[in-house]
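**Q** The following file, run-v1.txt, comprises compact mmCIF, C-alpha atoms:
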# COMPACT_ATOMS: atom_id res chain seq x y z
CA MET A 14 -7.53 -28.50 -17.68
CA ASN A 15 -8.74 -25.19 -16.24
CA ASN A 16 -11.80 -24.13 -18.21
CA ASP A 17 -10.52 -20.56 -18.35
CA HIS A 18 -6.94 -21.10 -19.57
CA LEU A 19 -4.83 -23.28 -21.83
CA PRO A 20 -1.85 -25.07 -20.30
CA PRO A 21 1.29 -22.89 -20.34
CA GLY A 22 4.06 -23.42 -22.85
CA LEU A 23 1.97 -24.57 -25.82
CA SER A 24 2.92 -23.57 -29.35
CA ALA A 25 0.41 -21.81 -31.58
CA GLU A 26 -0.36 -25.10 -33.34
CA GLU A 27 -0.82 -26.91 -30.05
CA LYS A 28 -3.12 -24.18 -28.80
CA LEU A 29 -5.17 -24.36 -31.99
CA HIS A 30 -5.64 -28.12 -31.90
CA THR A 31 -6.34 -28.10 -28.18
CA ARG A 32 -9.10 -25.55 -28.72
CA PHE A 33 -10.60 -27.52 -31.61
CA ASN A 34 -10.39 -30.77 -29.66
CA ILE A 35 -12.43 -29.21 -26.87
CA TYR A 36 -14.81 -27.68 -29.41
CA THR A 37 -15.45 -30.97 -31.20
CA ASN A 38 -15.57 -33.09 -28.02
CA PRO A 39 -17.16 -30.89 -25.35
CA GLN A 40 -18.00 -32.14 -21.89
CA LEU A 41 -21.71 -31.39 -22.14
CA PRO A 42 -24.87 -33.00 -20.79
CA PHE A 43 -26.34 -33.75 -24.21
CA VAL A 44 -30.10 -34.25 -24.31
CA SER A 45 -29.68 -37.59 -26.09
CA PRO A 46 -27.08 -39.84 -27.71
CA GLU A 47 -28.37 -38.66 -31.09
CA ALA A 48 -27.75 -35.03 -30.11
CA GLU A 49 -24.19 -35.88 -29.06
CA THR A 50 -23.51 -37.70 -32.33
CA GLY A 51 -25.01 -34.81 -34.30
CA TYR A 52 -22.99 -32.20 -32.44
CA LYS A 53 -19.67 -33.99 -32.92
CA ALA A 54 -20.31 -34.58 -36.62
CA ARG A 55 -21.23 -30.94 -37.20
CA ALA A 56 -18.31 -29.55 -35.20
CA ALA A 57 -15.84 -31.87 -36.96
CA ARG A 58 -17.28 -30.82 -40.33
CA LEU A 59 -16.62 -27.18 -39.50
CA ARG A 60 -13.13 -27.93 -38.18
CA ASP A 61 -12.15 -29.77 -41.34
CA ALA A 62 -13.51 -27.05 -43.62
CA ILE A 63 -11.69 -24.33 -41.67
CA LEU A 64 -8.26 -25.88 -41.12
CA LEU A 65 -7.80 -27.36 -44.63
CA GLU A 66 -6.01 -30.37 -43.16
CA SER A 67 -8.45 -32.92 -44.58
CA PRO A 68 -11.73 -32.56 -46.49
CA PRO A 69 -14.92 -32.70 -44.44
CA ASP A 70 -17.54 -35.30 -45.29
CA ARG A 71 -19.53 -32.54 -46.97
CA VAL A 72 -19.80 -28.76 -47.21
CA PRO A 73 -20.93 -27.36 -43.85
CA VAL A 74 -23.94 -25.04 -43.89
CA THR A 75 -24.24 -22.37 -41.22
CA THR A 76 -26.63 -19.49 -40.74
CA LEU A 77 -25.37 -16.01 -39.90
CA ASN A 78 -28.75 -15.07 -38.54
CA GLN A 79 -29.70 -11.91 -36.69
CA PHE A 80 -33.42 -11.71 -35.97
CA TYR A 81 -34.44 -14.51 -38.34
CA PRO A 82 -35.06 -17.13 -35.62
CA ALA A 83 -37.42 -14.63 -33.97
CA TYR A 84 -39.28 -14.06 -37.23
CA HIS A 85 -39.36 -17.83 -37.72
CA ALA A 86 -41.20 -18.14 -34.40
CA GLY A 87 -43.59 -15.29 -35.14
CA LEU A 88 -41.86 -12.78 -32.85
CA THR A 89 -41.09 -9.19 -33.76
CA PRO A 90 -37.56 -7.88 -33.17
CA TYR A 91 -38.98 -5.82 -30.30
CA GLU A 92 -40.40 -8.92 -28.64
CA ALA A 93 -37.06 -10.70 -29.08
CA MET A 94 -35.12 -7.82 -27.50
CA TYR A 95 -37.47 -7.46 -24.55
CA ASP A 96 -38.40 -11.08 -23.80
CA LEU A 97 -35.39 -13.39 -23.62
CA GLU A 98 -37.45 -16.38 -22.52
CA ARG A 99 -39.53 -16.30 -25.71
CA ALA A 100 -36.46 -15.50 -27.79
CA ALA A 101 -34.64 -18.52 -26.36
CA GLU A 102 -37.45 -20.80 -27.43
CA ALA A 103 -37.38 -19.17 -30.87
CA TRP A 104 -33.66 -19.91 -31.35
CA VAL A 105 -33.99 -23.49 -30.14
CA GLY A 106 -37.09 -24.05 -32.26
CA TYR A 107 -35.31 -22.70 -35.33
CA ALA A 108 -32.36 -25.07 -34.82
CA ARG A 109 -34.64 -28.04 -34.35
CA ALA A 110 -36.66 -27.20 -37.45
CA LEU A 111 -33.88 -26.39 -39.93
CA LYS A 112 -30.90 -28.27 -38.45
CA PRO A 113 -27.97 -26.14 -39.65
CA ASP A 114 -24.44 -27.30 -38.92
CA ALA A 115 -23.96 -24.30 -36.64
CA MET A 116 -25.69 -21.07 -35.87
CA VAL A 117 -25.27 -17.76 -34.10
CA GLY A 118 -26.98 -17.57 -30.73
CA PRO A 119 -29.42 -14.89 -29.60
CA ALA A 120 -26.73 -12.53 -28.31
CA ILE A 121 -26.15 -11.29 -31.89
CA ALA A 122 -29.66 -9.84 -31.85
CA ALA A 123 -29.23 -8.55 -28.29
CA ALA A 124 -32.23 -10.72 -27.44
CA GLY A 125 -33.59 -9.72 -24.06
CA ALA A 126 -31.14 -6.81 -23.73
CA GLY A 127 -33.52 -3.98 -24.63
CA PRO A 128 -34.04 -2.86 -21.00
CA ILE A 129 -30.26 -2.59 -20.54
CA PHE A 130 -29.96 -0.13 -23.41
CA ASP A 131 -32.98 1.78 -22.16
CA ALA A 132 -31.35 2.22 -18.75
CA LEU A 133 -28.10 3.48 -20.29
CA ASP A 134 -29.79 5.85 -22.74
CA TYR A 135 -27.51 4.16 -25.26
CA GLY A 136 -26.84 6.46 -28.19
CA LEU A 137 -24.84 4.34 -30.61
CA PHE A 138 -27.79 2.40 -32.03
CA SER A 139 -31.46 2.75 -32.71
CA TRP A 140 -33.24 -0.49 -31.83
CA PRO A 141 -36.77 -1.86 -32.14
CA GLY A 142 -39.17 0.45 -30.34
CA HIS A 143 -36.37 2.94 -29.70
CA GLY A 144 -35.69 4.93 -32.85
CA VAL A 145 -36.94 2.32 -35.34
CA PRO A 146 -40.28 0.49 -35.53
CA ARG A 147 -40.79 -2.55 -33.33
CA THR A 148 -40.85 -4.69 -36.48
CA ALA A 149 -37.45 -3.45 -37.72
CA SER A 150 -33.88 -4.48 -36.97
CA PHE A 151 -31.43 -2.21 -35.16
CA GLN A 152 -29.48 0.53 -36.96
CA TYR A 153 -26.16 2.15 -36.12
CA VAL A 154 -26.29 5.88 -35.38
CA GLU A 155 -23.60 7.47 -37.53
CA LYS A 156 -21.87 10.44 -35.85
CA GLU A 157 -18.40 11.78 -35.21
CA TRP A 158 -18.29 10.41 -31.67
CA MET A 159 -14.62 11.42 -31.53
CA LEU A 160 -13.64 14.84 -32.87
CA ALA A 161 -10.68 15.30 -35.19
CA GLU A 162 -8.89 17.40 -32.58
CA GLU A 163 -9.11 14.51 -30.11
CA TYR A 164 -6.72 12.17 -31.95
CA ASN A 165 -3.90 12.96 -29.52
CA ASP A 166 -6.16 12.26 -26.53
CA LEU A 167 -6.99 8.83 -27.98
CA ILE A 168 -3.40 7.99 -28.90
CA GLU A 169 -1.91 9.13 -25.58
CA ASP A 170 -4.46 7.35 -23.36
CA PRO A 171 -6.99 5.15 -25.23
CA THR A 172 -8.57 3.70 -22.08
CA GLY A 173 -8.89 7.09 -20.42
CA PHE A 174 -10.40 8.54 -23.59
CA MET A 175 -12.97 5.75 -23.79
CA LEU A 176 -13.92 6.06 -20.10
CA ARG A 177 -13.98 9.84 -19.73
CA THR A 178 -15.01 10.99 -23.20
CA TYR A 179 -16.49 8.29 -25.40
CA ILE A 180 -18.72 6.46 -22.90
CA PRO A 181 -20.24 9.63 -21.38
CA ARG A 182 -20.77 11.00 -24.88
CA THR A 183 -22.56 7.90 -26.18
CA ASN A 184 -24.58 6.96 -23.06
CA GLY A 185 -26.79 9.69 -21.68
CA ALA A 186 -27.18 8.04 -18.28
CA LEU A 187 -23.38 7.90 -17.84
CA ALA A 188 -22.60 11.53 -18.61
CA GLY A 189 -21.16 11.99 -15.12
CA MET A 190 -18.19 9.76 -16.00
CA ALA A 191 -16.75 12.74 -17.89
CA LYS A 192 -15.82 14.18 -14.47
CA LEU A 193 -13.60 11.24 -13.53
CA ASP A 194 -9.95 12.00 -12.91
CA VAL A 195 -6.95 9.79 -13.60
CA PRO A 196 -6.06 7.63 -10.56
CA PHE A 197 -2.45 8.76 -10.13
CA GLY A 198 -3.38 10.67 -7.00
CA MET A 199 -3.96 7.40 -5.16
CA SER A 200 -0.20 6.83 -5.08
CA GLN A 201 0.35 9.55 -2.45
CA LEU A 202 -1.22 10.29 0.93
CA CYS A 203 -1.67 13.94 0.03
CA GLY A 204 -3.37 13.08 -3.27
CA ALA A 205 -5.57 10.11 -2.44
CA ASP A 206 -8.04 12.15 -0.43
CA PHE A 207 -8.59 14.67 -3.21
CA TRP A 208 -8.89 11.92 -5.81
CA MET A 209 -11.50 10.13 -3.72
CA ALA A 210 -13.37 13.42 -3.25
CA ASN A 211 -14.02 13.38 -6.98
CA TRP A 212 -16.22 10.34 -6.46
CA GLY A 213 -18.46 12.37 -4.22
CA ASP A 214 -19.60 14.53 -7.11
CA PRO A 215 -23.37 13.98 -7.56
CA ASP A 216 -23.03 13.47 -11.34
CA VAL A 217 -20.30 10.86 -10.87
CA GLN A 218 -22.32 9.07 -8.21
CA GLU A 219 -25.41 9.06 -10.40
CA ALA A 220 -23.46 7.57 -13.30
CA PHE A 221 -22.00 4.83 -11.12
CA SER A 222 -25.33 4.12 -9.51
CA THR A 223 -26.65 3.50 -13.03
CA LEU A 224 -23.65 1.29 -13.78
CA MET A 225 -24.18 -0.81 -10.66
CA GLU A 226 -27.89 -1.34 -11.17
CA THR A 227 -27.63 -1.92 -14.91
CA GLY A 228 -24.59 -4.11 -14.37
CA LYS A 229 -26.59 -6.46 -12.16
CA ARG A 230 -29.25 -6.71 -14.85
CA ALA A 231 -26.64 -7.22 -17.58
CA ALA A 232 -24.88 -9.95 -15.59
CA ALA A 233 -28.14 -11.84 -15.24
CA TRP A 234 -28.82 -11.35 -18.93
CA ALA A 235 -25.36 -12.63 -19.90
CA GLU A 236 -25.78 -15.75 -17.78
CA ALA A 237 -29.15 -16.43 -19.39
CA VAL A 238 -28.07 -15.84 -22.98
CA ILE A 239 -24.99 -18.05 -22.52
CA GLY A 240 -27.37 -20.65 -21.16
CA VAL A 241 -29.24 -20.56 -24.47
CA ASP A 242 -26.00 -21.25 -26.35
CA MET A 243 -25.30 -24.17 -24.02
CA ARG A 244 -28.81 -25.47 -24.54
CA LEU A 245 -28.36 -25.31 -28.32
CA ALA A 246 -25.08 -27.20 -28.01
CA ALA A 247 -26.71 -29.82 -25.79
CA GLU A 248 -29.30 -30.34 -28.53
CA GLY A 249 -26.51 -30.91 -31.08
CA PHE A 250 -25.83 -27.47 -32.61
CA PRO A 251 -22.35 -25.97 -32.16
CA ALA A 252 -21.91 -22.25 -31.64
CA HIS A 253 -20.10 -20.49 -34.46
CA PRO A 254 -18.29 -18.15 -34.52
CA GLY A 255 -17.08 -17.35 -31.01
CA LEU A 256 -15.81 -14.07 -29.59
CA VAL A 257 -15.78 -10.73 -31.42
CA THR A 258 -13.17 -8.04 -32.08
CA TRP A 259 -12.62 -5.34 -34.69
CA ALA A 260 -10.16 -4.27 -37.33
CA PRO A 261 -8.33 -1.26 -35.87
CA PHE A 262 -9.25 0.94 -38.83
CA ASP A 263 -12.92 -0.02 -38.48
CA PHE A 264 -12.91 0.67 -34.75
CA LEU A 265 -11.52 4.10 -35.54
CA GLY A 266 -13.72 4.71 -38.59
CA ASP A 267 -16.99 3.14 -37.45
CA THR A 268 -16.99 3.60 -33.70
CA LEU A 269 -15.10 6.85 -33.22
CA ARG A 270 -14.79 9.13 -36.24
CA GLY A 271 -17.72 8.00 -38.40
CA THR A 272 -17.64 7.59 -42.17
CA ARG A 273 -17.39 11.25 -43.12
CA GLY A 274 -14.78 11.88 -40.46
CA ILE A 275 -12.49 9.00 -41.37
CA VAL A 276 -12.73 9.69 -45.11
CA THR A 277 -11.53 13.26 -44.65
CA ASP A 278 -8.90 12.13 -42.12
CA LEU A 279 -7.25 9.93 -44.76
CA TYR A 280 -6.29 13.15 -46.54
CA ARG A 281 -6.04 15.68 -43.73
CA TYR A 282 -4.48 13.59 -40.94
CA PRO A 283 -3.06 10.40 -42.50
CA GLU A 284 -0.26 10.14 -39.93
CA LYS A 285 -2.75 10.37 -37.07
CA VAL A 286 -4.91 7.66 -38.63
CA LEU A 287 -1.93 5.32 -38.87
CA GLU A 288 -0.76 6.17 -35.36
CA ALA A 289 -4.23 5.61 -33.92
CA CYS A 290 -4.60 2.24 -35.67
CA ASP A 291 -1.23 1.12 -34.32
CA ARG A 292 -2.22 2.28 -30.83
CA LEU A 293 -5.58 0.49 -30.93
CA LEU A 294 -4.24 -2.81 -32.30
CA PRO A 295 -2.79 -4.34 -29.09
CA LEU A 296 -5.79 -3.19 -27.06
CA LEU A 297 -8.32 -4.74 -29.45
CA LEU A 298 -6.24 -7.91 -29.61
CA LYS A 299 -5.97 -8.18 -25.83
CA TYR A 300 -9.68 -7.43 -25.52
CA VAL A 301 -10.49 -10.77 -27.14
CA THR A 302 -7.52 -12.98 -26.23
CA ARG A 303 -7.94 -12.41 -22.49
CA LYS A 304 -11.50 -13.76 -22.79
CA ALA A 305 -10.68 -16.68 -25.10
CA ALA A 306 -11.30 -19.53 -22.70
CA PRO A 307 -10.72 -23.03 -24.17
CA PHE A 308 -14.39 -23.99 -23.95
CA LEU A 309 -15.39 -21.17 -26.33
CA PRO A 310 -15.47 -21.68 -30.13
CA PRO A 311 -11.99 -21.13 -31.61
CA THR A 312 -13.25 -18.69 -34.27
CA VAL A 313 -13.15 -14.93 -33.61
CA PHE A 314 -15.68 -12.87 -35.54
CA ILE A 315 -14.29 -9.67 -37.10
CA PRO A 316 -16.93 -7.65 -39.02
CA LEU A 317 -15.24 -5.64 -41.76
CA HIS A 318 -16.81 -2.48 -43.13
CA LYS A 319 -14.56 0.26 -44.43
CA GLY A 320 -12.10 -1.93 -46.32
CA ALA A 321 -14.67 -2.91 -48.96
CA ASP A 322 -14.34 -2.12 -52.67
CA GLY A 323 -15.32 1.45 -53.40
CA PHE A 324 -14.58 2.79 -49.95
CA MET A 325 -10.86 3.21 -50.49
CA ASN A 326 -8.46 2.44 -53.31
CA ASP A 327 -5.98 -0.45 -53.22
CA GLU A 328 -3.08 1.77 -52.14
CA GLN A 329 -5.13 3.10 -49.23
CA PHE A 330 -6.22 -0.44 -48.31
CA ARG A 331 -2.57 -1.57 -48.29
CA THR A 332 -1.51 1.47 -46.26
CA PHE A 333 -4.30 2.13 -43.76
CA TYR A 334 -6.45 -0.99 -43.49
CA TRP A 335 -4.61 -4.23 -44.12
CA PRO A 336 -1.38 -3.84 -42.06
CA THR A 337 -3.07 -3.66 -38.65
CA LEU A 338 -5.82 -6.10 -39.65
CA ARG A 339 -3.15 -8.59 -40.72
CA LYS A 340 -1.31 -8.11 -37.42
CA MET A 341 -4.61 -8.65 -35.62
CA CYS A 342 -5.07 -11.94 -37.47
CA LEU A 343 -1.50 -13.06 -36.73
CA GLY A 344 -1.95 -12.20 -33.06
CA LEU A 345 -5.10 -14.32 -32.88
CA ILE A 346 -3.43 -17.18 -34.74
CA GLU A 347 -0.54 -17.10 -32.27
CA GLU A 348 -3.09 -17.73 -29.51
CA GLY A 349 -4.55 -20.73 -31.32
CA LEU A 350 -7.58 -18.79 -32.54
CA VAL A 351 -9.01 -18.52 -36.05
CA PRO A 352 -9.93 -15.07 -37.38
CA TYR A 353 -13.41 -15.22 -38.94
CA LEU A 354 -13.38 -12.19 -41.24
CA PHE A 355 -16.84 -11.05 -42.31
CA ALA A 356 -16.18 -9.00 -45.45
CA GLU A 357 -19.38 -7.03 -45.88
CA GLY A 358 -19.92 -5.56 -49.34
CA ALA A 359 -17.50 -6.68 -52.07
CA TYR A 360 -13.80 -7.55 -51.72
CA ASN A 361 -13.00 -8.36 -55.34
CA SER A 362 -10.09 -5.92 -55.55
CA ARG A 363 -8.64 -7.12 -52.23
CA LEU A 364 -8.29 -10.84 -52.87
CA GLU A 365 -4.64 -10.77 -53.94
CA ILE A 366 -3.74 -8.69 -50.89
CA ILE A 367 -5.51 -10.79 -48.28
CA ARG A 368 -3.75 -13.98 -49.39
CA ASP A 369 -0.93 -12.98 -47.05
CA LEU A 370 -1.92 -15.14 -44.07
CA PRO A 371 -0.77 -18.60 -42.88
CA PRO A 372 -2.60 -21.39 -44.77
CA GLY A 373 -5.68 -22.84 -43.13
CA ARG A 374 -5.74 -20.41 -40.23
CA ALA A 375 -8.47 -17.95 -41.22
CA VAL A 376 -11.99 -17.86 -42.62
CA TRP A 377 -13.17 -15.19 -45.04
CA HIS A 378 -16.96 -14.83 -45.09
CA PHE A 379 -17.93 -12.98 -48.24
CA ASP A 380 -21.09 -11.00 -48.87
CA GLN A 381 -21.04 -9.71 -52.47
CA THR A 382 -17.57 -10.87 -53.53
CA ASP A 383 -17.20 -12.98 -56.69
CA MET A 384 -16.99 -16.40 -55.05
CA ALA A 385 -15.45 -18.12 -58.07
CA LYS A 386 -12.64 -15.57 -58.15
CA ALA A 387 -12.24 -15.87 -54.38
CA LYS A 388 -11.95 -19.65 -54.63
CA ASP A 389 -9.39 -19.44 -57.43
CA LEU A 390 -7.18 -17.03 -55.49
CA LEU A 391 -7.67 -18.31 -51.94
CA GLU A 392 -7.88 -22.09 -52.36
CA GLY A 393 -5.27 -23.66 -50.11
CA VAL A 394 -4.86 -20.35 -48.28
CA CYS A 395 -8.04 -20.13 -46.25
CA CYS A 396 -11.60 -21.32 -45.91
CA ILE A 397 -14.21 -19.13 -47.57
CA ALA A 398 -17.86 -18.79 -46.56
CA GLY A 399 -21.04 -17.18 -47.88
CA ASN A 400 -22.58 -15.78 -50.03
CA VAL A 401 -26.27 -16.64 -50.57
CA PRO A 402 -28.06 -13.29 -51.10
CA LEU A 403 -30.60 -12.24 -48.51
CA SER A 404 -32.81 -10.94 -51.31
CA LEU A 405 -32.96 -14.43 -52.78
CA LEU A 406 -33.94 -15.97 -49.44
CA GLN A 407 -36.61 -13.38 -48.86
CA LEU A 408 -38.07 -12.99 -52.36
CA GLY A 409 -36.98 -16.03 -54.38
CA THR A 410 -38.53 -19.43 -54.86
CA VAL A 411 -37.30 -22.75 -53.49
CA ASP A 412 -36.10 -23.75 -56.95
CA GLN A 413 -34.18 -20.50 -57.36
CA VAL A 414 -32.49 -20.92 -53.99
CA THR A 415 -31.65 -24.55 -54.74
CA ASP A 416 -30.21 -23.70 -58.16
CA TYR A 417 -28.12 -20.85 -56.78
CA CYS A 418 -26.71 -22.94 -53.91
CA ARG A 419 -26.05 -25.95 -56.12
CA ALA A 420 -24.10 -23.84 -58.64
CA LEU A 421 -22.18 -22.10 -55.87
CA ILE A 422 -21.26 -25.38 -54.17
CA GLU A 423 -20.19 -27.06 -57.38
CA ARG A 424 -18.03 -24.07 -58.38
CA VAL A 425 -16.25 -23.38 -55.11
CA LYS A 426 -16.29 -26.43 -52.85
CA GLY A 427 -13.03 -27.71 -54.37
CA ARG A 428 -11.11 -30.09 -52.13
CA GLY A 429 -12.57 -28.51 -49.01
CA GLY A 430 -12.47 -25.11 -47.43
CA PHE A 431 -15.98 -23.86 -48.14
CA ILE A 432 -18.89 -23.11 -45.79
CA LEU A 433 -22.28 -22.36 -47.32
CA ASP A 434 -24.01 -19.46 -45.59
CA VAL A 435 -25.97 -16.28 -46.17
CA GLY A 436 -24.06 -13.27 -47.43
CA ALA A 437 -25.02 -11.00 -44.52
CA GLY A 438 -26.90 -11.11 -41.23
CA ALA A 439 -30.39 -12.47 -41.87
CA ASP A 440 -33.52 -10.93 -40.42
CA GLU A 441 -36.46 -11.81 -42.67
CA ALA A 442 -36.66 -14.73 -45.10
CA LYS A 443 -38.98 -17.51 -46.18
CA GLU A 444 -38.57 -20.64 -44.06
CA GLU A 445 -38.79 -22.88 -47.11
CA ASN A 446 -35.90 -20.95 -48.70
CA PHE A 447 -33.68 -21.27 -45.65
CA ALA A 448 -34.53 -24.97 -45.61
CA ALA A 449 -33.66 -25.23 -49.31
CA MET A 450 -30.24 -23.66 -48.67
CA ILE A 451 -29.47 -26.13 -45.89
CA ARG A 452 -30.77 -29.05 -47.93
CA ALA A 453 -28.59 -28.03 -50.90
CA ALA A 454 -25.43 -28.38 -48.81
CA GLN A 455 -26.54 -31.78 -47.60
CA GLN A 456 -27.43 -32.98 -51.10
CA TYR A 457 -24.77 -31.40 -53.31
CA GLY A 458 -21.90 -30.74 -50.91
CA VAL A 459 -20.66 -34.30 -50.37
CA TYR A 460 -16.92 -34.84 -50.98
Take the structure in the file and give it back as C-alpha cells.
**A**
Amino acid sequence: MNNDHLPPGLSAEEKLHTRFNIYTNPQLPFVSPEAETGYKARAARLRDAILLESPPDRVPVTTLNQFYPAYHAGLTPYEAMYDLERAAEAWVGYARALKPDAMVGPAIAAAGAGPIFDALDYGLFSWPGHGVPRTASFQYVEKEWMLAEEYNDLIEDPTGFMLRTYIPRTNGALAGMAKLDVPFGMSQLCGADFWMANWGDPDVQEAFSTLMETGKRAAAWAEAVIGVDMRLAAEGFPAHPGLVTWAPFDFLGDTLRGTRGIVTDLYRYPEKVLEACDRLLPLLLKYVTRKAAPFLPPTVFIPLHKGADGFMNDEQFRTFYWPTLRKMCLGLIEEGLVPYLFAEGAYNSRLEIIRDLPPGRAVWHFDQTDMAKAKDLLEGVCCIAGNVPLSLLQLGTVDQVTDYCRALIERVKGRGGFILDVGAGADEAKEENFAAMIRAAQQYGVY
C-alpha cells in the first residue's frame, strides 16, 4: 500500500478498519520486543474504546498534555519552544516515566518553533518570551482579524481572502502579500506580463523572501518534530489524536471575527454567519482529508470553543454551530477517520443534540461536562474522554486524585467507550498526581 493513500474504491467502513489496522500494527523499527508488544496493546486498547465494537481489556489512559512534559523535565516553556533537542528528550523521558497509553507529541506545544514565529512576526498568539513570561504558556491574541464588512470577501473567495487579507494582517513580516493580485491574468499573453510585474514589487518580494527562508526552517522543524513522534512510537507509545481541523463556526468566531465580533454578528448578520460557515465547511474538511495518510492516527482533533454552555442558547447551537460541525464529522467518517471533539468548558445542555452521529465513530473529550450525564446519554453512541481537573492534578494530593479517578471510572466506564484523561491541555502538575491518574486506570479500569 502507498503510505500516502488508501486503495481506491473502499467503503467508509473499509477505510476506517484499514486505518486502524495500520495504526495498531505499524511497520516500525521498535527499540525492543517489549516496546512492540506495549505499543500494540496500547493502540488496540484505544481502538476498542473508540469504536465500541468490543470492550478493551481496560480503560485507556491518555494525556492531553501541552507543556507538561517540559515541566516534568525541568524545562520552561520558553526553553521547550526554542530548543527542540531538549524538548524531544523531555517528551520521551515523560513517556518512559509515566507510561500512558498514548500521548500528544511536542508539536502541540510548538516545541522548537519559537524562531519560526519570531521570523514571521506572528500576531495571533503571545508565546513564552514574546508577549508572556518565559515560564508561561502561549495565549491567543483576541482581535477582529476580519471586519464585519468583509464577510462578502470571505464568502466569495475564502482562499484569496486568507492569502491577501488575513495572512498579511496577522503576520507583520508578510504584509507585502496584501499587494498580490488574482492569477487570472496568466491565462492571456497580454495579461501574464502585467501579472508577473506585480511580483517585482519590493514589498511582495520581501514577503516572499521571508516565506522562503522561514519555510526552509519550518520544513526542517517539521521533519524533526515528526521524528520525535516516530521515536515515541518506536518506544511503545502511540500518537493520539492525529491531524487537526476546526468547526466552521469556531474558525469564523475564533480565527476571524473574534468573540465580540461573532456574538454581535449572530444578531446583526445571522445570514452572513450561516453563509460563511457553509462556505468554510468543505475547505476545512478538505484541509485535513487531503493530508490524512494511512500511517497517521485515524483520529482528527477538533477543539471546540464557542459552542459551550453559556456562550449561546440551544436554539443558536442548533442553528449556527451544530449543523456544519455535524457535516464536518460525517465528512471525516466517510473518509474512515474518527472526529475527536474536544469540548472545552461545559456541554451539559448539548448532550441530547450531539447524539446525532453514527454509533462508535466519534470521540467526545469533555472538560467540565457532567460525565455521568454524558455517559447516560451517549453510551452506545460514542466514546467519551476526560475529565480529570487540571486544578486537582496541580494542587491536590495523590489520594484525592486516586479517589476522583476511581469514582469517575466506576461511574462511566460501562461496557467500554471511555478514555481517562485530563479535562484540558496540561501545562503544570505534580508528577505524582499524573502518575496516580495513570495508575488508577490500570488498577480500576479493568473490564
**Q** Choose the residue, out of A:Ala122, A:Leu317, A:Ala54, A:Leu29, that has the smallest atom-to-atom separation from Ala439 (chain A); count all atoms listed in the file.
**A**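 Nearest candidate to Ala439 (chain A) out of A:Ala122, A:Leu317, A:Ala54, A:Leu29: A:Ala122.
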**Q** Quick one: everything within 12 Å of Asp61 (chain A), counting all atoms listed in the file, minus sequence neighbours fewer than 2 positions away in the same chain. Send it as a count of residues only.
**A** 32
**Q** From the options A:Phe80, A:Asp194, A:Pro90, A:Pro181, which residue's atoms come nearest to Val145 (chain A), counting all atoms listed in the file?
**A**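 Distance minimum relative to Val145 (chain A) lands on A:Pro90.
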**Q** Could you check which of A:Asn211, A:Thr272, A:Ser45, A:Gln79 is closest to Glu155 (chain A), using only C-alpha atoms?
**A**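 Ranking A:Asn211, A:Thr272, A:Ser45, A:Gln79 by distance to Glu155 (chain A), first place goes to A:Thr272.
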**Q** Any idea what the distance is between CA of Val257 (chain A) and CA of Phe314 (chain A)?
**A**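 Interatomic distance here is 4.6 Å.
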**Q** Let me make sure I understand: among A:Gly323, A:Gly142, A:Pro39, A:Pro254, which one has the smallest atom-to-atom distance to Leu77 (chain A) if we use only C-alpha atoms?
**A**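 The closest residue to Leu77 (chain A) is A:Pro254.
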**Q** Could you tell me how far CA of His18 (chain A) sits from CA of Trp259 (chain A), in Å to one decimal place?
**A** 22.6 Å
**Q** Tell me, in Å to one decimal, how far CA of Leu338 (chain A) is from CA of Trp140 (chain A).
**A**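 Taking CA of Leu338 (chain A) as the start and CA of Trp140 (chain A) as the end point, the length is 29.1 Å.
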**Q** Which residue, A:Gly189, A:Val351, A:Leu245, A:Ile239, has the smallest gap to Tyr107 (chain A) when you use all atoms listed in the file?
**A**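 Under the stated criterion, the closest residue is A:Leu245.
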**Q** Under the rule that only C-alpha atoms are counted, which of A:Pro141, A:Gly185, A:Gly127, A:Pro295 is the nearest residue to Asp216 (chain A)?
**A**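 Nearest to Asp216 (chain A): A:Gly185.
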**Q** Identify, on the basis of all atoms listed in the file, every residue whose closest approach to Thr268 (chain A) does not exceed 9 Å; exclude the query and any residue fewer than 5 positions from it along the same chain; express the result as a count of residues only.
**A** 7
**Q** Show which residues sit within 12 Å of region 339-344 of chain A, as an MDAnalysis selection string. Count all atoms listed in the file, and ignore same-chain residues fewer than 3 positions away.
**A** chainID A and resid 25 258:262 290:291 293:302 312:315 330:336 347:354 366:372 374:377
**Q** Taking all atoms of region 35-45 of chain A that the file lists and extending 8 Å past them on each side, where is the centre of the axis-aligned box and how long are its edges? Answer in Å to one decimal, as AutoDock Vina command-line options.
**A**
--center_x -21.3 --center_y -32.6 --center_z -26.0 --size_x 33.7 --size_y 25.9 --size_z 26.4
